[in-house]
Amino acid sequence: MTQAMPTPAEPAGLDFPLVSRTGYLLHKAGSLLMEDAEKALAAQGMRLRYFYVLAALESGLSLSQQDLSRLLNLDPTTMVALIDEMEGAGHVERRRNPSDRRRYILHLTDGGREALERAGHAVDEVEREFLSSVPEADRERLRTLLGDLLADRWPRVVACD
């Protein structure tokens, strides 16, 4: 018995019903990409969520722990522990919000920027390798499509002023 060559709609090794489910394929691709990124970051002593916080703070927006918790979909208790860890490592500072003394605004330190730069290179390499079978124009199109899908689905984050 000969096996048919896989078509783009039927990738090799995916001969079960879920291959027709875009949601499953997005989930699977995302899970694999995140696993690879976690491994690359672990070599630097960092976890993916730590990287995400550094990257979010690089934006320069005045974000609180609560804002980051909503934006990154992390449990608030987990976020507090993560920010404690980051502050202890000298990567993040908590500063009182002058207009609401009950809230802290998080700031990336110079050490945090350096850690982010190193981690960013590692994550960039993982993404390049993961997407290497996809032509660059299609990678750009994929980012655009994902951005379109998520455009109105981001959590409402109220940045501190």
# chains A, B, ... in the order shown; residues from 1 in each chain; ligands from 1
call {"tool": "residues_around", "arguments": {"residues": "range 90-104 of chain A", "least_positions_apart": "5", "cutoff": "10 Å", "atoms": "only C-alpha atoms", "output": "list in words"}}
result
Val53, Leu54, Leu57, Ser62, Leu63, Ser64, Gln65, Gln66, Ile83, Asp84, Glu85, Thr109, Asp110, Gly111, Gly112, Arg113, Glu114, Ala115, Leu116, Cys160 and Asp161 of chain A
call {"tool": "select_by_dssp", "arguments": {"residues": "chain A", "states": "strand (DSSP E)", "output": "mmCIF file with all heavy atoms, in the first residue's frame"}}
result
data_model
loop_
_atom_site.group_PDB
_atom_site.id
_atom_site.type_symbol
_atom_site.label_atom_id
_atom_site.label_comp_id
_atom_site.auth_asym_id
_atom_site.auth_seq_id
_atom_site.Cartn_x
_atom_site.Cartn_y
_atom_site.Cartn_z
ATOM 1 N N VAL A 92 13.402 45.327 37.838
ATOM 2 C CA VAL A 92 12.177 46.129 37.888
ATOM 3 C C VAL A 92 12.162 46.920 39.193
ATOM 4 O O VAL A 92 12.636 46.441 40.228
ATOM 5 C CB VAL A 92 10.921 45.216 37.819
ATOM 6 C CG1 VAL A 92 9.644 45.976 38.120
ATOM 7 C CG2 VAL A 92 10.821 44.540 36.465
ATOM 8 N N GLU A 93 11.617 48.125 39.139
ATOM 9 C CA GLU A 93 11.395 48.937 40.335
ATOM 10 C C GLU A 93 9.911 49.238 40.459
ATOM 11 O O GLU A 93 9.232 49.474 39.461
ATOM 12 C CB GLU A 93 12.112 50.285 40.239
ATOM 13 C CG GLU A 93 13.593 50.224 40.268
ATOM 14 C CD GLU A 93 14.209 51.618 40.105
ATOM 15 O OE1 GLU A 93 13.478 52.584 39.753
ATOM 16 O OE2 GLU A 93 15.417 51.728 40.315
ATOM 17 N N ARG A 94 9.433 49.222 41.698
ATOM 18 C CA ARG A 94 8.075 49.689 41.976
ATOM 19 C C ARG A 94 8.201 51.124 42.473
ATOM 20 O O ARG A 94 8.978 51.410 43.371
ATOM 21 C CB ARG A 94 7.432 48.849 43.084
ATOM 22 C CG ARG A 94 7.042 47.461 42.702
ATOM 23 C CD ARG A 94 6.471 46.775 43.957
ATOM 24 N NE ARG A 94 5.913 45.483 43.696
ATOM 25 C CZ ARG A 94 6.439 44.329 44.113
ATOM 26 N NH1 ARG A 94 7.566 44.311 44.795
ATOM 27 N NH2 ARG A 94 5.841 43.189 43.844
ATOM 28 N N ARG A 95 7.382 52.004 41.877
ATOM 29 C CA ARG A 95 7.343 53.398 42.330
ATOM 30 C C ARG A 95 5.897 53.774 42.584
ATOM 31 O O ARG A 95 5.013 53.405 41.810
ATOM 32 C CB ARG A 95 7.940 54.330 41.274
ATOM 33 C CG ARG A 95 9.397 54.074 40.995
ATOM 34 C CD ARG A 95 9.920 55.032 39.955
ATOM 35 N NE ARG A 95 11.236 54.641 39.499
ATOM 36 C CZ ARG A 95 11.781 55.062 38.378
ATOM 37 N NH1 ARG A 95 11.131 55.910 37.597
ATOM 38 N NH2 ARG A 95 12.983 54.659 38.029
ATOM 39 N N ARG A 96 5.683 54.510 43.636
ATOM 40 C CA ARG A 96 4.317 54.955 43.953
ATOM 41 C C ARG A 96 3.781 55.812 42.820
ATOM 42 O O ARG A 96 4.490 56.642 42.257
ATOM 43 C CB ARG A 96 4.284 55.773 45.242
ATOM 44 C CG ARG A 96 4.535 54.983 46.481
ATOM 45 C CD ARG A 96 3.257 54.429 47.002
ATOM 46 N NE ARG A 96 3.535 53.735 48.252
ATOM 47 C CZ ARG A 96 2.781 52.799 48.733
ATOM 48 N NH1 ARG A 96 1.688 52.436 48.090
ATOM 49 N NH2 ARG A 96 3.072 52.203 49.859
ATOM 50 N N ASN A 97 2.534 55.599 42.514
ATOM 51 C CA ASN A 97 1.848 56.448 41.536
ATOM 52 C C ASN A 97 1.518 57.751 42.247
ATOM 53 O O ASN A 97 0.793 57.745 43.232
ATOM 54 C CB ASN A 97 0.571 55.731 41.066
ATOM 55 C CG ASN A 97 -0.214 56.534 40.062
ATOM 56 O OD1 ASN A 97 -0.012 57.732 39.902
ATOM 57 N ND2 ASN A 97 -1.118 55.870 39.385
ATOM 58 N N ASP A 100 -2.212 58.243 42.733
ATOM 59 C CA ASP A 100 -2.925 57.226 43.511
ATOM 60 C C ASP A 100 -1.898 56.468 44.339
ATOM 61 O O ASP A 100 -1.300 55.497 43.890
ATOM 62 C CB ASP A 100 -3.690 56.262 42.594
ATOM 63 C CG ASP A 100 -4.508 55.238 43.357
ATOM 64 O OD1 ASP A 100 -4.383 55.161 44.609
ATOM 65 O OD2 ASP A 100 -5.264 54.497 42.718
ATOM 66 N N ARG A 101 -1.680 56.920 45.562
ATOM 67 C CA ARG A 101 -0.620 56.388 46.415
ATOM 68 C C ARG A 101 -0.824 54.914 46.769
ATOM 69 O O ARG A 101 0.068 54.268 47.284
ATOM 70 C CB ARG A 101 -0.483 57.215 47.694
ATOM 71 C CG ARG A 101 -0.235 58.688 47.475
ATOM 72 C CD ARG A 101 1.149 59.047 47.040
ATOM 73 N NE ARG A 101 2.130 58.673 48.042
ATOM 74 C CZ ARG A 101 3.399 58.458 47.794
ATOM 75 N NH1 ARG A 101 3.857 58.567 46.580
ATOM 76 N NH2 ARG A 101 4.240 58.123 48.733
ATOM 77 N N ARG A 102 -1.993 54.360 46.483
ATOM 78 C CA ARG A 102 -2.227 52.929 46.755
ATOM 79 C C ARG A 102 -1.645 52.045 45.664
ATOM 80 O O ARG A 102 -1.506 50.845 45.853
ATOM 81 C CB ARG A 102 -3.731 52.639 46.892
ATOM 82 C CG ARG A 102 -4.375 53.336 48.081
ATOM 83 C CD ARG A 102 -5.874 53.274 47.970
ATOM 84 N NE ARG A 102 -6.274 54.034 46.776
ATOM 85 C CZ ARG A 102 -7.433 53.926 46.161
ATOM 86 N NH1 ARG A 102 -8.338 53.093 46.603
ATOM 87 N NH2 ARG A 102 -7.716 54.653 45.100
ATOM 88 N N ARG A 103 -1.335 52.639 44.513
ATOM 89 C CA ARG A 103 -0.848 51.862 43.365
ATOM 90 C C ARG A 103 0.635 52.111 43.129
ATOM 91 O O ARG A 103 1.146 53.178 43.435
ATOM 92 C CB ARG A 103 -1.617 52.257 42.104
ATOM 93 C CG ARG A 103 -3.058 51.825 42.126
ATOM 94 C CD ARG A 103 -3.808 52.341 40.918
ATOM 95 N NE ARG A 103 -3.220 51.909 39.664
ATOM 96 C CZ ARG A 103 -3.862 51.186 38.750
ATOM 97 N NH1 ARG A 103 -5.100 50.823 38.959
ATOM 98 N NH2 ARG A 103 -3.274 50.848 37.637
ATOM 99 N N TYR A 104 1.263 51.109 42.573
ATOM 100 C CA TYR A 104 2.650 51.224 42.152
ATOM 101 C C TYR A 104 2.717 51.205 40.633
ATOM 102 O O TYR A 104 1.980 50.476 39.980
ATOM 103 C CB TYR A 104 3.491 50.044 42.672
ATOM 104 C CG TYR A 104 3.762 50.097 44.144
ATOM 105 C CD1 TYR A 104 2.954 49.399 45.032
ATOM 106 C CD2 TYR A 104 4.819 50.834 44.651
ATOM 107 C CE1 TYR A 104 3.201 49.438 46.392
ATOM 108 C CE2 TYR A 104 5.075 50.881 46.013
ATOM 109 C CZ TYR A 104 4.261 50.181 46.875
ATOM 110 O OH TYR A 104 4.508 50.220 48.216
ATOM 111 N N ILE A 105 3.606 51.996 40.103
ATOM 112 C CA ILE A 105 3.928 51.957 38.678
ATOM 113 C C ILE A 105 5.233 51.169 38.572
ATOM 114 O O ILE A 105 6.158 51.370 39.357
ATOM 115 C CB ILE A 105 4.112 53.379 38.102
ATOM 116 C CG1 ILE A 105 2.810 54.174 38.234
ATOM 117 C CG2 ILE A 105 4.576 53.314 36.653
ATOM 118 C CD1 ILE A 105 2.962 55.647 37.889
ATOM 119 N N LEU A 106 5.303 50.277 37.625
ATOM 120 C CA LEU A 106 6.490 49.447 37.455
ATOM 121 C C LEU A 106 7.415 50.067 36.411
ATOM 122 O O LEU A 106 6.953 50.538 35.373
ATOM 123 C CB LEU A 106 6.084 48.037 37.036
ATOM 124 C CG LEU A 106 5.156 47.329 38.027
ATOM 125 C CD1 LEU A 106 4.676 46.013 37.461
ATOM 126 C CD2 LEU A 106 5.864 47.117 39.354
ATOM 127 N N HIS A 107 8.699 50.047 36.705
ATOM 128 C CA HIS A 107 9.699 50.621 35.808
ATOM 129 C C HIS A 107 10.790 49.599 35.549
ATOM 130 O O HIS A 107 11.255 48.927 36.469
ATOM 131 C CB HIS A 107 10.315 51.889 36.422
ATOM 132 C CG HIS A 107 9.361 53.012 36.533
ATOM 133 N ND1 HIS A 107 9.172 53.922 35.521
ATOM 134 C CD2 HIS A 107 8.515 53.361 37.526
ATOM 135 C CE1 HIS A 107 8.252 54.797 35.893
ATOM 136 N NE2 HIS A 107 7.837 54.476 37.102
ATOM 137 N N LEU A 108 11.214 49.538 34.316
ATOM 138 C CA LEU A 108 12.324 48.686 33.908
ATOM 139 C C LEU A 108 13.629 49.387 34.290
ATOM 140 O O LEU A 108 13.808 50.568 33.997
ATOM 141 C CB LEU A 108 12.247 48.490 32.395
ATOM 142 C CG LEU A 108 12.926 47.322 31.760
ATOM 143 C CD1 LEU A 108 12.462 46.002 32.349
ATOM 144 C CD2 LEU A 108 12.655 47.330 30.260
#
call {"tool": "select_by_dssp", "arguments": {"residues": "range 6-161 of chain A", "states": "helix (DSSP H, G or I)", "output": "PyMOL selection string"}}
result
chain A and resi 17-20+22-42+48-57+65-72+76-88+110-130+136-150
call {"tool": "atom_distance", "arguments": {"atom1": "CA of Arg21 in chain A", "atom2": "CA of Leu131 in chain A"}}
result
20.0 Å
call {"tool": "residues_around", "arguments": {"residues": "Ala43 in chain A", "least_positions_apart": "5", "cutoff": "12 Å", "atoms": "only C-alpha atoms", "output": "ChimeraX atom specification"}}
result
/A:36-38,48,118-119,122-123
call {"tool": "write_last_selection", "arguments": {"atoms": "C-alpha atoms", "output": "JSON list (two decimals), in the first residue's frame"}}
result
[["chain", "number", "residue", "atom", "x", "y", "z"],
["A", 36, "ASP", "CA", 11.05, 26.16, 22.54],
["A", 37, "ALA", "CA", 11.19, 29.72, 23.91],
["A", 38, "GLU", "CA", 11.02, 28.42, 27.50],
["A", 48, "LEU", "CA", 8.80, 33.09, 29.52],
["A", 118, "ARG", "CA", 19.74, 39.10, 25.89],
["A", 119, "ALA", "CA", 16.42, 37.28, 26.26],
["A", 122, "ALA", "CA", 17.15, 34.18, 22.30],
["A", 123, "VAL", "CA", 13.41, 34.44, 21.62]]
call {"tool": "closest_residue", "arguments": {"among": "A:Thr77, A:Thr144, A:Gly120, A:Phe16", "to": "Glu58 in chain A", "atoms": "only C-alpha atoms"}}
result
A:Gly120
call {"tool": "residues_around", "arguments": {"residues": "range 23-32 of chain A", "least_positions_apart": "3", "cutoff": "12 Å", "atoms": "only C-alpha atoms", "output": "number ranges by chain"}}
result
A: 9-11, 14, 16-20, 35-39, 126-127, 129-131, 142, 146, 149
call {"tool": "atom_distance", "arguments": {"atom1": "CA of Ser69 in chain A", "atom2": "CA of Asp148 in chain A"}}
result
22.6 Å
call {"tool": "atom_distance", "arguments": {"atom1": "CA of Asn73 in chain A", "atom2": "CA of Met46 in chain A"}}
result
18.5 Å
